[in-house]
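Okay, structure first, notes after.
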Amino acid sequence: MHEDRFDTMTDLVPGDHHALPRADSNLGRRVVVDRRRAPTGATDAFRLSGRRTRVRRALEREGPFFVDRFDPLILTLTVGVLVLCLIDGLLTIELLDLNSEEINPVMRLLLRRGYLSFLMGKYVLTAAGLPFLVVYKNWPLFGTRFRAGFLLPVFFALYLGLLTYQVVLLQR
């Protein structure tokens, strides 16, 4: 356990925001003891226990942080992106039957193997990335104040725009 000694509460190190002061009866000084054994890690989101849904202190929000639980909006956006991905795949197949062309080389390769391979590959590639986006949602992007979690609604909106475009193409 990490212990530092300070003469006053104002001497606390700014990065040591999890520390709780307690009196040291022998020296008349305060001893700072971390109240948690370890901070929340990236894999803690997959545990069935835990109740940390957000950080309470402003100092904790300055850097990357992980939580144990996610709000319903994150679940809704994640499931929404997966559903929109499948609808995109089905509309793409319809457009291909009307003499359209797939420009994504990876998807074109999967299309050569058949429609089922195309749909499964599209779904798996999307579904494989979403858990990382959810777990790392509070991670700052490229040292900016924007977090990785901001990408989830962006992807949802992009899929809606793509589906709108595909419906317009199908109506021609």
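Note on naming: chains are A, B, ... as they come in the structure tokens, residues start from 1 per chain, ligands start from 1 in the order shown.
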For A:Leu111, please output as JSON, numbers by chain all residues within 10 Å (counting only C-alpha atoms; exclusion window: fewer than 5 positions along the same chain). {"A": [93, 96, 102, 105, 106, 116, 117, 118, 119, 121]}
Using only C-alpha atoms, determine which residues lie at most 8 Å from A:Tyr159, disregarding the query and same-chain residues fewer than 4 positions distant; provide the list as a PDB file with C-alpha atoms, in the first residue's frame.
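Result went into part26.pdb, see below:
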ATOM      1  CA  VAL A  81     -25.598   0.167 -34.881  1.00  0.00           C
ATOM      2  CA  LEU A  84     -28.479  -0.769 -38.961  1.00  0.00           C
ATOM      3  CA  CYS A  85     -25.440  -2.768 -40.087  1.00  0.00           C
ATOM      4  CA  ASP A  88     -27.290  -1.925 -44.679  1.00  0.00           C
ATOM      5  CA  PHE A 155     -21.514   5.818 -36.273  1.00  0.00           C
ATOM      6  CA  LEU A 163     -29.452   3.809 -45.268  1.00  0.00           C
TER       7      LEU A 163
END
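Separating atom CA of A:Val135 from atom CA of A:Ile87 is a distance of 25.1 Å.
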Using only C-alpha atoms, what table do you get, as JSON lines, when you list each residue of stretch 85-152 of chain A with an atom no more than 12 Å from stretch 75-79 of chain A, its nearest pair of atoms, and their distance in Å rounded to one decimal, rows by chain then rising number?
{"residue": "A:Cys85", "atom": "CA", "partner": "A:Val79", "partner_atom": "CA", "distance": 9.7}
{"residue": "A:Leu86", "atom": "CA", "partner": "A:Val79", "partner_atom": "CA", "distance": 10.9}
{"residue": "A:Tyr123", "atom": "CA", "partner": "A:Val79", "partner_atom": "CA", "distance": 11.7}
{"residue": "A:Thr126", "atom": "CA", "partner": "A:Thr78", "partner_atom": "CA", "distance": 10.1}
{"residue": "A:Ala127", "atom": "CA", "partner": "A:Thr78", "partner_atom": "CA", "distance": 8.9}
{"residue": "A:Ala128", "atom": "CA", "partner": "A:Thr78", "partner_atom": "CA", "distance": 11.5}
{"residue": "A:Gly129", "atom": "CA", "partner": "A:Thr78", "partner_atom": "CA", "distance": 10.5}
{"residue": "A:Leu130", "atom": "CA", "partner": "A:Thr78", "partner_atom": "CA", "distance": 6.9}
{"residue": "A:Pro131", "atom": "CA", "partner": "A:Thr78", "partner_atom": "CA", "distance": 8.7}
{"residue": "A:Phe132", "atom": "CA", "partner": "A:Thr78", "partner_atom": "CA", "distance": 11.3}
{"residue": "A:Leu133", "atom": "CA", "partner": "A:Thr78", "partner_atom": "CA", "distance": 9.4}
{"residue": "A:Val134", "atom": "CA", "partner": "A:Thr78", "partner_atom": "CA", "distance": 8.1}
{"residue": "A:Val135", "atom": "CA", "partner": "A:Thr78", "partner_atom": "CA", "distance": 11.7}
{"residue": "A:Lys137", "atom": "CA", "partner": "A:Thr78", "partner_atom": "CA", "distance": 11.9}
{"residue": "A:Gly149", "atom": "CA", "partner": "A:Leu77", "partner_atom": "CA", "distance": 10.6}
{"residue": "A:Phe150", "atom": "CA", "partner": "A:Leu77", "partner_atom": "CA", "distance": 11.1}
{"residue": "A:Leu151", "atom": "CA", "partner": "A:Leu77", "partner_atom": "CA", "distance": 10.5}
{"residue": "A:Leu152", "atom": "CA", "partner": "A:Leu77", "partner_atom": "CA", "distance": 6.7}
Generate a file of the selected residues that holds C-alpha atoms, formatted as an mmCIF file, in the first residue's frame.
data_model
loop_
_atom_site.group_PDB
_atom_site.id
_atom_site.type_symbol
_atom_site.label_atom_id
_atom_site.label_comp_id
_atom_site.auth_asym_id
_atom_site.auth_seq_id
_atom_site.Cartn_x
_atom_site.Cartn_y
_atom_site.Cartn_z
ATOM 1 C CA CYS A 85 -25.440 -2.768 -40.087
ATOM 2 C CA LEU A 86 -27.649 -5.737 -40.994
ATOM 3 C CA TYR A 123 -21.902 -8.161 -38.963
ATOM 4 C CA THR A 126 -18.965 -4.372 -36.877
ATOM 5 C CA ALA A 127 -19.742 -6.421 -33.770
ATOM 6 C CA ALA A 128 -16.045 -7.067 -33.067
ATOM 7 C CA GLY A 129 -15.232 -3.375 -32.792
ATOM 8 C CA LEU A 130 -18.212 -2.243 -30.729
ATOM 9 C CA PRO A 131 -17.168 -3.782 -27.374
ATOM 10 C CA PHE A 132 -13.850 -1.924 -27.560
ATOM 11 C CA LEU A 133 -15.651 1.307 -28.342
ATOM 12 C CA VAL A 134 -17.983 0.778 -25.378
ATOM 13 C CA VAL A 135 -15.262 -0.202 -22.888
ATOM 14 C CA LYS A 137 -15.769 5.171 -24.277
ATOM 15 C CA GLY A 149 -17.590 7.165 -26.744
ATOM 16 C CA PHE A 150 -18.522 10.183 -28.858
ATOM 17 C CA LEU A 151 -17.965 7.955 -31.908
ATOM 18 C CA LEU A 152 -20.887 5.652 -31.091
#
In Å, rounded to a single decimal, give me how far atom CA of A:Phe156 is from atom CA of A:Gly80. 7.0 Å
Taken to one decimal, the atom CA of A:Gly89-atom CA of A:Lys122 distance is 7.2 Å
